[in-house]
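Some notes on the structure that comes next.
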Amino acid sequence: MGRGLLKLPGIRPVLALASALVLLQAMTIIMQAKWLAQAITALFEGSPVTEQYPVLLLFLAAFAARYALSFWLQLIASRYAEKTGNDLRRQMVEQWFRLGPRFAKTEGTGHLVTLAREGTAQYKTYLELFIPRMLGMGFTPIVILFYVFKLDMMSGVILTLTLPILIVFMILVGLAAKRKIDGQFKSYKALANHFVDTLRGLETLKTLGQSGKHGETIIRVSQRYRKATMSTLRMAFLSSFALDFFTMLSVASVAVGLGLRLTEGYMLLGPALTVLILAPEYFLPVRMVGADYHATLDGKEAGEAIGQMIERGKWAELRQKEAYLTGIKQDEAEQSGASSSAGLSFGPKDESPATIRVVLQEINAGNGVASSIKPFWEATSRLALTNVQVWHEEEGPISLNDVTFQINGLGKVGIIGASGAGKSTLMEVLAGFQQLTSGQMLYNGQHLSPEMMEEWRKQTAAIPQHPYLFSGSLMDNVRFYRPEASDAEVEEAIRAAGLHKLVSSLPNGLQERIGAGGRQFSGGQEQRVALARALISTRPILLLDEPTAHLDVETEYELKQTMLPLFEGKLVFLATHRLHWMPHMDRIIVMDGGTVAETGTHEELLARQGVYYQMIQAQMEAV
């Protein structure tokens, strides 16, 4: 049984009820064998069939009760598996939003989608089958063995000695099968990511004449997955055959012993027949666990992967709460005149449950309790970043270093810098997707607590560098932030994003199916769809990370004239490396090496002749 199984919510009452049903089922198996043996023995001794009707009716009642209990047990396991699988899927998706776009890019969209769809379905199957099987193996053989010992000591000894051999064999086969399934899962993950990436770039591959060559790569990845799957199946078939073979030998040993003692007069027919009927039932739970082990192993692996993802999100949430608590303490120390060197570095080094409880108790005890104020951006609002630092990896390079600036009210803020300067990381921080390693993010002078950060995300509409198109119509994709938007509003956003010509060329117009399974768009077209999403949104903060990176300069200039008027009445952060946007910005933040090199208006920065001025000069020389 998986180590995390007992940690699932609501599992203990289910196990308690299931255990009671398994024990009752074991009693019906014994009664069924006893009454069947009694009827056969009486008939063998010459009793009329009519006299055995009551015994046969008892046998049929025990038979019906056994399978009624089995149905009830399976129903309980199925309902719990369905509920748990849906809850895990919901928690996993919530953690994806908490971990942000960078996590999805690192893990691979194909892997995440496959895990959310097929992975949770496999985990449901694992719970549905494995809970009754493991309980059956834990209780049924013991109950039957006690009854067999009561009837025949020698048969009880044989059964006691043979079962551990089967269990040890199952453990050895299980370890070998786990290695096989690990390789299969890795191949499946690679195949899923490769398939999704291929769908996204299929149009580009065809345009470049590389679709045929890329097909060879798909075949190679698919063959690797096929070989891993066949290797796992061979192990499953081999273990099932060996398990049945040893079980048959064990039952045969019991039968031979019973037959010899029966012929020599040391045993009566009734007890011998009862033991012989119970011997296969004694091994049946072990055989069922062995048979279902391989069928559910992929579900167990998927469950562990889902659990790791959820725990990763919880640790991110814990680090966020620690950073919030640290910022509060630093403010208190500064106000009292004391110096504090407290900082946050990837959560506590001691990750034991006791440490987690202590940290959460300290956070929830009232040390810097989060305000109930919900952030809502308006013309009088103020956002400040103070000494913000971000490391994506503990031993890796720093992505943001002592970033400090303040934004007031509405307007357009340009974030400029070379590739790798930290623009995308800063945008993720502003969107609330990136946890701070240290530093503070304040709204109207108040720390953005984890609870407030959830509300902050609802204020923002973000366009990442690589937006995702959902499987559905073009209209539904544009309505992502505002499902209630009217058709006229969608058409206006489509026109503002420069997609009206493309829409007019589609057979189904705005109802054209796009994304996975639908029409594939180029990188520039995907960005325009994402731009239309942001423009139709009523959210007061827009975060645009290289929104025109895949467009040619002429198209970008044309699109800029349409976009700029739509930025009015909002706070817009525009991260780009194309400097022609900057004269239209109300304020410019220049990033260099992960830090803020300088801030100001276009005219102020030119007059200062610093990093921004040098970038302008370099771009003019390139032209």
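Here's how to read the names in the structure tokens: chain A, B, ... by the order shown, residue numbers from 1 in each chain, ligand numbers from 1 in the order shown.
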
Find the nearest atom pair between each residue of segment 440-544 of chain A and segment 112-130 of chain A for residues within 12 Å, count only C-alpha atoms, give distances in Å to one decimal, sort rows by chain and ascending number, and present the table as a tab-separated table.
residue	atom	partner	partner_atom	distance
A:Phe470	CA	A:Val113	CA	11.2
A:Ser471	CA	A:Val113	CA	11.7
A:Ala516	CA	A:Val113	CA	11.0

Using only C-alpha atoms, what does the table of segment 20-80 of chain A residues within 9 Å of segment 272-289 of chain A look like, with each row giving the shortest atom pair and its distance in Å to one decimal, sorted by chain and ascending number, as a tab-separated table?
residue	atom	partner	partner_atom	distance
A:Ile29	CA	A:Glu281	CA	7.8
A:Ile30	CA	A:Leu278	CA	7.2
A:Ala33	CA	A:Thr274	CA	5.6
A:Lys34	CA	A:Thr274	CA	5.6
A:Trp35	CA	A:Thr274	CA	8.6
A:Leu36	CA	A:Thr274	CA	7.9
A:Ala37	CA	A:Thr274	CA	5.4
A:Gln38	CA	A:Thr274	CA	8.1
A:Ile40	CA	A:Leu273	CA	8.6
A:Thr41	CA	A:Leu273	CA	8.1

Write out, as a PDB file, in the first residue's frame, the residues just selected, with C-alpha atoms.
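Saved as result_10.pdb:
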ATOM      1  CA  ILE A  29     -16.780 -17.772   2.754  1.00  0.00           C
ATOM      2  CA  ILE A  30     -16.310 -20.132   5.711  1.00  0.00           C
ATOM      3  CA  ALA A  33     -17.621 -23.922   2.415  1.00  0.00           C
ATOM      4  CA  LYS A  34     -18.996 -25.574   5.579  1.00  0.00           C
ATOM      5  CA  TRP A  35     -22.574 -25.964   4.310  1.00  0.00           C
ATOM      6  CA  LEU A  36     -21.477 -27.077   0.840  1.00  0.00           C
ATOM      7  CA  ALA A  37     -19.195 -29.715   2.322  1.00  0.00           C
ATOM      8  CA  GLN A  38     -21.953 -30.805   4.709  1.00  0.00           C
ATOM      9  CA  ILE A  40     -21.957 -33.176  -0.343  1.00  0.00           C
ATOM     10  CA  THR A  41     -20.925 -35.416   2.555  1.00  0.00           C
TER      11      THR A  41
END

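Atom pair atom CA of Leu383 of chain A / atom CA of Lys412 of chain A: separated by 13.9 Å.
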
Problem set entry | Two-atom distance - atom CA of Gln527 of chain A, atom CA of Glu558 of chain A (Å) | 15.2 Å

For this session: Write out as number ranges by chain the residues lying within 8 Å of Asn444 of chain A, counting only C-alpha atoms and excluding same-chain residues fewer than 5 positions away.
Result: A: 381-384

Export of the given selection (N, CA and C atoms) as a short mmCIF file (atom, residue, chain, number, x, y, z; two decimals), in the first residue's frame:
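Written file, again-v5.cif:
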data_model
loop_
_atom_site.label_atom_id
_atom_site.label_comp_id
_atom_site.auth_asym_id
_atom_site.auth_seq_id
_atom_site.Cartn_x
_atom_site.Cartn_y
_atom_site.Cartn_z
N SER A 381 -4.12 54.12 -6.02
CA SER A 381 -3.40 52.98 -5.45
C SER A 381 -1.90 53.15 -5.61
N ARG A 382 -1.17 52.42 -4.78
CA ARG A 382 0.29 52.50 -4.80
C ARG A 382 0.88 51.09 -4.61
N LEU A 383 1.81 50.72 -5.50
CA LEU A 383 2.51 49.43 -5.42
C LEU A 383 4.00 49.69 -5.26
N ALA A 384 4.61 49.00 -4.29
CA ALA A 384 6.05 49.19 -4.03
C ALA A 384 6.74 47.85 -3.90
#

For this session: From a DSSP pass on the backbone, collect the residues of segment 351-525 of chain A flagged as alpha helix (DSSP H) and hand them back as a ChimeraX atom specification.
Result: /A:353-364,423-431,450-457,474-478,487-496,500-505,523-525

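Comparing A:Thr595, A:Thr50, A:Gln406, A:Gln525 by their smallest distance to Gln389 of chain A, the closest is A:Thr595 (using only C-alpha atoms).
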
Exercise. Taking into account only C-alpha atoms, which residue in the set A:Thr437, A:Gln91, A:Gln52, A:Gln617 is nearest to Met309 of chain A?
Worked result: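 For Met309 of chain A, the nearest of the candidates is A:Gln91.
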
Exercise. Looking at only C-alpha atoms, which of A:Ala497, A:Ile407, A:Val143, A:Val596 is the one that sits closest to Ala534 of chain A?
Worked result: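 Comparing A:Ala497, A:Ile407, A:Val143, A:Val596 against Ala534 of chain A, the winner is A:Ala497.
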
Exercise. Closest to Ala597 of chain A among A:Gly498, A:Val403, A:Ser473, A:Ala485, using only C-alpha atoms?
Worked result: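 Nearest to Ala597 of chain A: A:Val403.
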
Problem set entry | Point-to-point distance from atom CA of His577 of chain A to atom CA of Pro467 of chain A, Å rounded to tenths |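 Spanning atom CA of His577 of chain A to atom CA of Pro467 of chain A is a straight-line distance of 18.1 Å.
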
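Near segment 560-562 of chain A, within a cut-off of 8 Å and counting only C-alpha atoms, sit the residues Ala496, Ala497, Glu556 and Leu566 of chain A, with same-chain residues fewer than 4 positions away left out.
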
Exercise. If you count only C-alpha atoms, which residues fall within 9 Å of Ala493 of chain A, apart from same-chain ones fewer than 6 positions away, as JSON, numbers by chain?
Worked result: {"A": [478, 499, 531, 532, 533, 534, 535, 536]}

Problem set entry | Selected residue, from A:Met427, A:Ala42, A:Lys7, A:Thr162, that lies nearest to Ala252 of chain A when counting only C-alpha atoms |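 Comparing A:Met427, A:Ala42, A:Lys7, A:Thr162 against Ala252 of chain A, the winner is A:Thr162.
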
For this session: Mind checking which residues fall within 8 Å of Leu58 of chain A, counting only C-alpha atoms, ignoring those fewer than 4 positions away in the same chain, and posting them as an NGL selection string?
Result: :A and (32 or 35 or 54 or 62)

Save the residues we just selected, C-alpha atoms, as a PDB file, in the first residue's frame?
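Final file, part.pdb:
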ATOM      1  CA  GLN A  32     -20.368 -21.267   2.367  1.00  0.00           C
ATOM      2  CA  TRP A  35     -22.574 -25.964   4.310  1.00  0.00           C
ATOM      3  CA  PRO A  54     -32.256 -26.540   4.091  1.00  0.00           C
ATOM      4  CA  ALA A  62     -24.043 -17.453   2.283  1.00  0.00           C
TER       5      ALA A  62
END

Exercise. If you count only C-alpha atoms, which residues fall within 12 Å of Ile142 of chain A, apart from same-chain ones fewer than 2 positions away, as a list in words?
Worked result: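 Once the adjacent positions are removed, what remains is Val22, Leu23, Ala26, Met27, Ile30, Leu135, Gly136, Met137, Gly138, Phe139, Thr140, Ile144, Leu145, Phe146, Tyr147, Val148, Phe149, Gly156, Leu159, Thr160, Leu163, Leu278, Glu281, Tyr282, Phe283, Pro285 and Val286 of chain A.
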